[in-house]
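**Q** mmCIF, C-alpha atoms (C1' of nucleotides), file my_file16.cif:
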```cif
data_run
loop_
_atom_site.label_atom_id
_atom_site.label_comp_id
_atom_site.auth_asym_id
_atom_site.auth_seq_id
_atom_site.Cartn_x
_atom_site.Cartn_y
_atom_site.Cartn_z
CA MET A 1 177.85 13.72 201.81
CA THR A 2 176.98 13.82 198.15
CA GLU A 3 173.75 11.99 198.58
CA ALA A 4 172.32 13.39 201.75
CA ARG A 5 170.62 16.74 201.54
CA LYS A 6 169.38 18.79 204.42
CA PRO A 7 165.63 18.54 204.59
CA GLY A 8 163.95 21.16 202.48
CA PHE A 9 166.86 21.86 200.21
CA SER A 10 166.33 21.02 196.62
CA ASP A 11 168.35 22.06 193.61
CA CYS A 12 165.40 23.98 192.26
CA ASN A 13 166.37 27.60 191.90
CA ASN A 14 162.77 28.63 192.10
CA ALA A 15 161.97 26.64 195.23
CA THR A 16 165.07 27.98 196.94
CA LEU A 17 164.13 31.51 196.01
CA ARG A 18 160.59 31.17 197.31
CA ARG A 19 161.77 29.62 200.53
CA ALA A 20 164.11 32.52 201.15
CA ALA A 21 161.37 34.96 200.22
CA ARG A 22 159.02 33.44 202.78
CA SER A 23 161.69 33.62 205.42
CA LEU A 24 162.81 37.15 204.74
CA GLY A 25 159.27 38.29 204.14
CA ARG A 26 158.27 37.30 207.61
CA PHE A 27 161.15 39.24 209.06
CA TYR A 28 160.31 42.45 207.25
CA ASP A 29 156.63 41.91 207.95
CA ASP A 30 157.33 41.70 211.64
CA ALA A 31 159.39 44.85 211.49
CA LEU A 32 156.68 46.76 209.65
CA ALA A 33 153.82 45.37 211.71
CA PRO A 34 153.55 48.43 213.97
CA SER A 35 152.72 50.51 210.90
CA GLY A 36 149.97 48.15 209.83
CA LEU A 37 151.62 47.68 206.45
CA LYS A 38 152.81 44.39 205.02
CA SER A 39 156.26 44.37 203.49
CA THR A 40 154.65 43.96 200.10
CA GLN A 41 152.48 47.01 200.59
CA PHE A 42 155.46 48.97 201.80
CA GLY A 43 157.34 47.99 198.68
CA LEU A 44 154.46 49.00 196.47
CA ILE A 45 153.96 52.34 198.19
CA PHE A 46 157.66 53.01 197.99
CA GLN A 47 157.68 52.26 194.29
CA ILE A 48 154.83 54.69 193.76
CA HIS A 49 156.67 57.22 195.87
CA ILE A 50 159.84 57.16 193.81
CA SER A 51 157.94 57.26 190.54
CA ASP A 52 156.17 60.27 189.12
CA GLU A 53 152.48 59.50 189.17
CA PRO A 54 153.15 56.25 187.33
CA ALA A 55 150.59 54.43 185.24
CA MET A 56 149.54 51.06 186.58
CA GLY A 57 151.26 49.30 183.72
CA THR A 58 154.47 51.13 184.51
CA ILE A 59 154.42 49.98 188.11
CA ALA A 60 153.57 46.44 187.13
CA GLU A 61 156.47 46.38 184.73
CA ALA A 62 158.91 47.81 187.24
CA LEU A 63 157.92 45.28 189.85
CA ILE A 64 157.64 42.46 187.31
CA MET A 65 154.14 41.82 188.50
CA ASP A 66 150.98 40.94 186.66
CA LEU A 67 148.89 44.02 185.92
CA SER A 68 145.74 42.52 187.36
CA ALA A 69 147.65 41.39 190.43
CA LEU A 70 148.77 44.95 190.92
CA GLY A 71 145.20 46.10 190.66
CA HIS A 72 144.17 43.68 193.36
CA THR A 73 147.07 44.56 195.62
CA LEU A 74 146.30 48.23 195.26
CA LYS A 75 142.74 47.89 196.51
CA PRO A 76 143.40 47.67 200.25
CA LEU A 77 145.75 50.64 199.96
CA ILE A 78 143.12 52.69 198.17
CA ARG A 79 140.48 51.57 200.62
CA ASP A 80 142.65 52.73 203.52
CA GLY A 81 143.28 56.05 201.83
CA TYR A 82 147.00 55.71 201.24
CA VAL A 83 146.81 55.74 197.47
CA GLU A 84 144.56 57.29 194.88
CA THR A 85 144.22 56.87 191.15
CA PHE A 86 143.21 59.22 188.36
CA ALA A 87 142.85 59.00 184.63
CA ASP A 88 145.66 60.17 182.40
CA LYS A 89 144.91 63.46 180.67
CA ASP A 90 145.86 62.30 177.19
CA ASP A 91 144.93 58.64 177.21
CA ARG A 92 141.81 57.77 179.09
CA ARG A 93 142.75 54.10 179.11
CA VAL A 94 145.68 54.88 181.35
CA LYS A 95 145.14 55.09 185.08
CA ARG A 96 147.81 56.84 187.07
CA VAL A 97 148.60 56.32 190.71
CA ARG A 98 149.86 58.59 193.46
CA LEU A 99 150.16 58.64 197.23
CA THR A 100 147.74 60.67 199.28
CA PRO A 101 149.13 62.88 202.07
CA ARG A 102 148.02 60.13 204.42
CA GLY A 103 149.95 57.68 202.29
CA GLN A 104 153.04 59.87 202.39
CA ALA A 105 152.85 60.04 206.16
CA LYS A 106 152.38 56.30 206.40
CA LEU A 107 155.37 55.77 204.16
CA ASP A 108 157.52 58.00 206.37
CA GLU A 109 156.39 56.07 209.39
CA ALA A 110 157.06 52.73 207.74
CA LEU A 111 160.45 53.81 206.45
CA LYS A 112 161.70 54.15 210.00
CA LEU A 113 160.60 50.64 210.84
CA TRP A 114 161.94 49.32 207.56
CA SER A 115 165.38 50.79 208.11
CA VAL A 116 165.68 48.92 211.37
CA ALA A 117 165.02 45.61 209.66
CA GLN A 118 167.20 46.53 206.73
CA ARG A 119 170.08 47.49 209.00
CA GLN A 120 169.70 44.37 211.06
CA PHE A 121 169.77 42.24 207.95
CA GLU A 122 172.85 43.95 206.61
CA ASP A 123 174.58 43.68 209.95
CA LYS A 124 174.10 39.95 209.75
CA VAL A 125 175.12 39.30 206.16
CA GLY A 126 177.26 42.33 205.55
CA ALA A 127 176.26 45.35 203.48
CA GLU A 128 178.57 44.31 200.69
CA GLN A 129 177.23 40.79 200.60
CA ALA A 130 173.68 42.10 200.64
CA ALA A 131 174.37 44.42 197.75
CA LYS A 132 175.85 41.57 195.78
CA LEU A 133 172.85 39.42 196.50
CA ARG A 134 170.47 42.12 195.39
CA ALA A 135 172.46 42.59 192.21
CA ALA A 136 172.32 38.88 191.52
CA LEU A 137 168.59 38.83 192.16
CA ASP A 138 168.00 41.81 189.92
CA ALA A 139 170.00 40.07 187.23
CA VAL A 140 167.89 36.95 187.59
CA ALA A 141 164.69 38.96 187.59
CA ASP A 142 165.70 40.69 184.38
CA LEU A 143 166.85 37.55 182.59
CA ASN A 144 163.68 37.61 180.60
CA LEU A 145 163.52 33.86 180.54
CA GLU A 146 161.09 32.20 178.24
CA MET A 147 160.17 28.65 177.60
CA PRO A 148 160.95 27.77 174.02
CA ALA A 149 157.65 27.68 172.17
CA ALA A 150 156.69 24.13 171.32
CA ALA A 151 156.30 25.25 167.73
CA PRO A 152 158.58 28.10 166.61
CA SER A 153 155.51 29.76 165.08
CA LEU A 154 156.49 31.30 161.74
CA MET B 1 174.72 57.82 188.56
CA THR B 2 174.52 57.71 192.33
CA GLU B 3 171.10 59.26 192.45
CA ALA B 4 169.29 57.71 189.53
CA ARG B 5 167.92 54.26 190.01
CA LYS B 6 166.43 52.03 187.39
CA PRO B 7 162.69 51.93 187.88
CA GLY B 8 161.68 49.21 190.27
CA PHE B 9 165.00 48.86 191.98
CA SER B 10 165.05 49.68 195.61
CA ASP B 11 167.67 48.87 198.20
CA CYS B 12 165.20 46.71 200.06
CA ASN B 13 166.50 43.19 200.22
CA ASN B 14 163.02 41.87 200.69
CA ALA B 15 161.50 43.76 197.78
CA THR B 16 164.32 42.67 195.52
CA LEU B 17 163.87 39.08 196.58
CA ARG B 18 160.14 39.13 195.96
CA ARG B 19 160.57 40.73 192.60
CA ALA B 20 162.98 38.03 191.53
CA ALA B 21 160.66 35.39 192.94
CA ARG B 22 157.75 36.67 190.87
CA SER B 23 159.90 36.69 187.78
CA LEU B 24 161.43 33.28 188.21
CA GLY B 25 158.16 31.86 189.45
CA ARG B 26 156.45 32.73 186.24
CA PHE B 27 159.17 31.05 184.24
CA TYR B 28 158.94 27.80 186.16
CA ASP B 29 155.17 28.01 186.17
CA ASP B 30 155.14 28.26 182.40
CA ALA B 31 157.45 25.29 182.14
CA LEU B 32 155.29 23.18 184.43
CA ALA B 33 151.99 24.32 182.96
CA PRO B 34 151.56 21.22 180.76
CA SER B 35 151.49 19.10 183.92
CA GLY B 36 148.81 21.22 185.48
CA LEU B 37 151.00 21.86 188.53
CA LYS B 38 152.17 25.25 189.73
CA SER B 39 155.82 25.55 190.59
CA THR B 40 154.84 25.86 194.23
CA GLN B 41 152.87 22.65 194.13
CA PHE B 42 155.73 20.94 192.37
CA GLY B 43 158.07 22.06 195.09
CA LEU B 44 155.74 20.84 197.78
CA ILE B 45 155.20 17.46 196.15
CA PHE B 46 158.92 17.11 195.66
CA GLN B 47 159.56 17.88 199.29
CA ILE B 48 157.07 15.23 200.33
CA HIS B 49 158.68 12.84 197.89
CA ILE B 50 162.17 13.17 199.32
CA SER B 51 160.91 12.93 202.87
CA ASP B 52 159.69 9.81 204.60
CA GLU B 53 155.99 10.28 205.24
CA PRO B 54 156.75 13.58 206.95
CA ALA B 55 154.49 15.19 209.50
CA MET B 56 152.95 18.46 208.42
CA GLY B 57 155.02 20.35 210.89
CA THR B 58 158.16 18.79 209.50
CA ILE B 59 157.35 19.90 205.99
CA ALA B 60 156.42 23.37 207.13
CA GLU B 61 159.70 23.69 208.94
CA ALA B 62 161.74 22.44 206.02
CA LEU B 63 160.07 24.88 203.66
CA ILE B 64 160.05 27.68 206.23
CA MET B 65 156.36 28.02 205.74
CA ASP B 66 153.53 28.64 208.14
CA LEU B 67 151.87 25.42 209.24
CA SER B 68 148.40 26.65 208.43
CA ALA B 69 149.59 27.90 205.07
CA LEU B 70 150.89 24.44 204.35
CA GLY B 71 147.53 23.00 205.25
CA HIS B 72 145.82 25.32 202.82
CA THR B 73 148.29 24.67 200.05
CA LEU B 74 147.92 20.96 200.51
CA LYS B 75 144.18 20.99 199.95
CA PRO B 76 144.11 21.24 196.17
CA LEU B 77 146.70 18.47 195.97
CA ILE B 78 144.63 16.22 198.20
CA ARG B 79 141.48 17.11 196.30
CA ASP B 80 143.19 16.13 193.04
CA GLY B 81 144.37 12.88 194.55
CA TYR B 82 148.10 13.53 194.44
CA VAL B 83 148.61 13.52 198.17
CA GLU B 84 147.02 11.81 201.13
CA THR B 85 147.33 12.21 204.86
CA PHE B 86 147.06 9.84 207.78
CA ALA B 87 147.37 10.06 211.52
CA ASP B 88 150.62 9.14 213.18
CA LYS B 89 150.47 5.83 215.01
CA ASP B 90 151.94 7.08 218.25
CA ASP B 91 150.75 10.66 218.44
CA ARG B 92 147.26 11.33 217.24
CA ARG B 93 147.97 15.03 217.03
CA VAL B 94 150.45 14.41 214.25
CA LYS B 95 149.23 14.12 210.68
CA ARG B 96 151.61 12.56 208.22
CA VAL B 97 151.67 13.11 204.49
CA ARG B 98 152.55 10.93 201.52
CA LEU B 99 152.17 10.90 197.76
CA THR B 100 149.58 8.65 196.19
CA PRO B 101 150.61 6.54 193.17
CA ARG B 102 148.86 9.18 191.08
CA GLY B 103 150.95 11.80 192.84
CA GLN B 104 154.13 9.86 192.15
CA ALA B 105 153.25 9.65 188.47
CA LYS B 106 152.45 13.34 188.35
CA LEU B 107 155.76 14.13 190.00
CA ASP B 108 157.62 12.07 187.42
CA GLU B 109 155.80 13.88 184.66
CA ALA B 110 156.49 17.29 186.19
CA LEU B 111 160.14 16.48 186.81
CA LYS B 112 160.73 16.21 183.09
CA LEU B 113 159.22 19.62 182.51
CA TRP B 114 161.03 21.06 185.48
CA SER B 115 164.42 19.88 184.30
CA VAL B 116 163.95 21.75 181.05
CA ALA B 117 163.37 25.00 182.88
CA GLN B 118 166.11 24.28 185.35
CA ARG B 119 168.60 23.55 182.57
CA GLN B 120 167.59 26.62 180.64
CA PHE B 121 168.06 28.76 183.71
CA GLU B 122 171.46 27.33 184.45
CA ASP B 123 172.52 27.70 180.85
CA LYS B 124 171.78 31.40 181.16
CA VAL B 125 173.38 32.13 184.50
CA GLY B 126 175.85 29.28 184.69
CA ALA B 127 175.50 26.22 186.88
CA GLU B 128 178.18 27.45 189.20
CA GLN B 129 176.61 30.87 189.56
CA ALA B 130 173.22 29.26 190.16
CA ALA B 131 174.63 27.02 192.87
CA LYS B 132 176.21 30.01 194.56
CA LEU B 133 172.97 31.92 194.42
CA ARG B 134 171.06 29.02 195.93
CA ALA B 135 173.64 28.74 198.68
CA ALA B 136 173.32 32.44 199.40
CA LEU B 137 169.55 32.17 199.47
CA ASP B 138 169.64 29.18 201.76
CA ALA B 139 171.94 31.09 204.04
CA VAL B 140 169.56 34.03 204.11
CA ALA B 141 166.59 31.76 204.69
CA ASP B 142 168.32 30.14 207.64
CA LEU B 143 169.50 33.37 209.21
CA ASN B 144 166.78 33.08 211.76
CA LEU B 145 166.32 36.81 211.88
CA GLU B 146 164.24 38.30 214.61
CA MET B 147 163.16 41.78 215.42
CA PRO B 148 164.50 42.81 218.79
CA ALA B 149 161.58 42.78 221.19
CA ALA B 150 160.53 46.30 222.05
CA ALA B 151 160.70 45.44 225.73
CA PRO B 152 163.15 42.70 226.74
CA SER B 153 160.25 41.12 228.65
CA LEU B 154 161.49 40.07 232.07
"C1'" DT C 1 135.92 58.15 158.16
"C1'" DT C 2 135.16 53.38 159.54
"C1'" DC C 3 136.53 49.08 161.26
"C1'" DA C 4 140.07 45.71 162.80
"C1'" DA C 5 144.04 45.20 165.85
"C1'" DT C 6 146.25 46.81 169.91
"C1'" DT C 7 146.63 48.65 174.54
"C1'" DA C 8 145.31 49.37 179.49
"C1'" DG C 9 142.54 47.91 183.02
"C1'" DT C 10 138.78 45.25 185.49
"C1'" DG C 11 136.46 41.25 187.52
"C1'" DG C 12 136.11 36.54 188.47
"C1'" DC C 13 138.30 32.42 189.90
"C1'" DA C 14 142.09 29.77 191.99
"C1'" DT C 15 146.21 29.13 194.48
"C1'" DA C 16 149.84 30.95 197.95
"C1'" DT C 17 150.73 32.55 202.61
"C1'" DG C 18 150.17 34.46 207.20
"C1'" DC C 19 148.07 35.38 211.68
"C1'" DC C 20 144.87 34.35 215.24
"C1'" DA C 21 141.57 31.82 217.86
"C1'" DC C 22 140.19 27.32 219.02
"C1'" DT C 23 140.15 21.99 219.58
"C1'" DT C 24 142.44 17.83 220.42
"C1'" DT C 25 146.31 15.38 222.36
"C1'" DT C 26 150.18 14.92 225.07
"C1'" DG C 27 153.17 15.69 228.66
"C1'" DT C 28 154.01 17.38 233.53
"C1'" DC C 29 153.38 18.18 238.19
"C1'" DG C 30 151.72 18.13 242.65
"C1'" DC D 1 144.56 11.12 239.15
"C1'" DG D 2 143.31 15.94 237.81
"C1'" DA D 3 144.59 20.75 236.44
"C1'" DC D 4 147.63 23.07 233.35
"C1'" DA D 5 151.11 24.15 229.95
"C1'" DA D 6 152.85 22.77 225.41
"C1'" DA D 7 152.41 20.79 220.79
"C1'" DA D 8 150.04 19.96 216.21
"C1'" DG D 9 146.51 21.05 213.31
"C1'" DT D 10 142.14 23.33 211.53
"C1'" DG D 11 139.20 27.16 210.02
"C1'" DG D 12 138.29 31.80 209.20
"C1'" DC D 13 139.83 36.06 207.43
"C1'" DA D 14 142.92 39.00 204.70
"C1'" DT D 15 146.45 39.97 201.45
"C1'" DA D 16 149.46 38.43 197.35
"C1'" DT D 17 149.60 36.88 192.58
"C1'" DG D 18 148.34 34.89 188.19
"C1'" DC D 19 145.50 33.72 184.18
"C1'" DC D 20 141.58 34.45 181.32
"C1'" DA D 21 137.70 36.68 179.38
"C1'" DC D 22 135.82 41.11 178.63
"C1'" DT D 23 135.27 46.32 178.14
"C1'" DA D 24 136.82 50.81 176.93
"C1'" DA D 25 139.89 53.81 174.48
"C1'" DT D 26 143.44 54.32 170.82
"C1'" DT D 27 145.83 53.61 166.77
"C1'" DG D 28 146.41 52.26 162.13
"C1'" DA D 29 144.75 51.07 157.70
"C1'" DA D 30 141.76 50.69 153.79
#
```
What do you get writing this file as structure tokens?

**A**
Amino acid sequence: MTEARKPGFSDCNNATLRRAARSLGRFYDDALAPSGLKSTQFGLIFQIHISDEPAMGTIAEALIMDLSALGHTLKPLIRDGYVETFADKDDRRVKRVRLTPRGQAKLDEALKLWSVAQRQFEDKVGAEQAAKLRAALDAVADLNLEMPAAAPSL
Amino acid sequence: MTEARKPGFSDCNNATLRRAARSLGRFYDDALAPSGLKSTQFGLIFQIHISDEPAMGTIAEALIMDLSALGHTLKPLIRDGYVETFADKDDRRVKRVRLTPRGQAKLDEALKLWSVAQRQFEDKVGAEQAAKLRAALDAVADLNLEMPAAAPSL
DNA sequence: TTCAATTAGTGGCATATGCCACTTTTGTCG
DNA sequence: CGACAAAAGTGGCATATGCCACTAATTGAA
């Protein structure tokens, strides 16, 4: 039993993580489907909601996401009128983001659907277990891993 | 401390998972960059490698990935000559996949880069911890969650 | 004050993933 | 055998993410 490995299981931490993400993502996507939001969009809107008119860079950092990727992901939400942006008063480079009333309403609607999925998940794995898993994932996310530079540059 | 939450941390299992996936993905991507492969492509090639001329559906199932998504993801690898497909002898609906010699060589090259990242990760979190995390993620991935149908359809 | 370095975003390009509609093959019945 | 349901992929369309090159706005020196 040391040799054989169930198909699709590698020792790669990254591959395992992505596989789980695909699986869980589909579940939450299904749950949120009635709202028309993807689980990723829900997450983004929620993040904006709990922040105070955050700058794009701030959101990107919080979600550990590329700034340009955030910009792209934001577009459909802006197009659909859930989110709006505005320039920072003091630094015109900075673009801040906030939910529109429509976005707030959509978030409320989605939250109900989300909680069903969330509850169902926690019923299956146990709330405690789930919390531990999230903690472990947050720890991994914040490891701040870096490949050693080929040349230790000065 | 019950109210305040570090920016970017929600209780959503899915959001937390995706966030970690983005973070770790970048790390492995950086490590594999010299090979020209993304960590996702590496994972896919590896999966093909450890399988025996698997059918597309088999791969998709193992990776818990949509069949059409697999088809799309496979394209660049076929275009670059790392992978080739061929019809199954007995069932012409089935398309099987295998690595080309070039693909094998590329996998060998990438494996060296991958192991550096993998080792570095495990040095940080501990091999044991990493194994536990992978087990937990595999368990989540295989939960086979499903949203209860709105109407229990006859 | 003026100009170089830094910071915050944007746009283009490429891959990653999913869903849905559709085509080709099989497999099943009557 | 012929009509139909099921299985395996393909293509189109849309979102998710990243990297890179570039622009605009600031900051920090000389």

**Q** Can you list what the PyMOL selection byres ((chain C and resi 30) around 10) grabs from this structure, as a list in words?

**A**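 After applying the PyMOL selection byres ((chain C and resi 30) around 10), what remains is DT28 and DC29 of chain C; DG2 and DA3 of chain D.
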
**Q** Would you list the residues near (141.9, 31.9, 190.8), meaning any protein, DNA or RNA residue with an atom at most 12 Å from that point in file coordinates, counting all atoms listed in the file, as a PyMOL selection string?

**A** (chain A and resi 68-69) or (chain C and resi 11-16) or (chain D and resi 16-20)

**Q** For chain C, which residues have at least one atom within 8 Å of chain A, if we go by all atoms listed in the file? Write them as a PyMOL selection string, please.

**A** chain C and resi 8-10

**Q** Pull out every residue that the PyMOL selection byres ((chain B and resi 76-80) around 10) matches in the shown coordinates and put them as number ranges by chain.

**A** B: 37, 41, 44-45, 71-75, 81-85, 97, 99-100, 102-103; C: 14-15

**Q** As an exercise, work out the distance from CA of Lys38 in chain B to CA of Arg18 in chain A in Å and give it to one decimal place.

**A**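 A separation of 12.8 Å between them.
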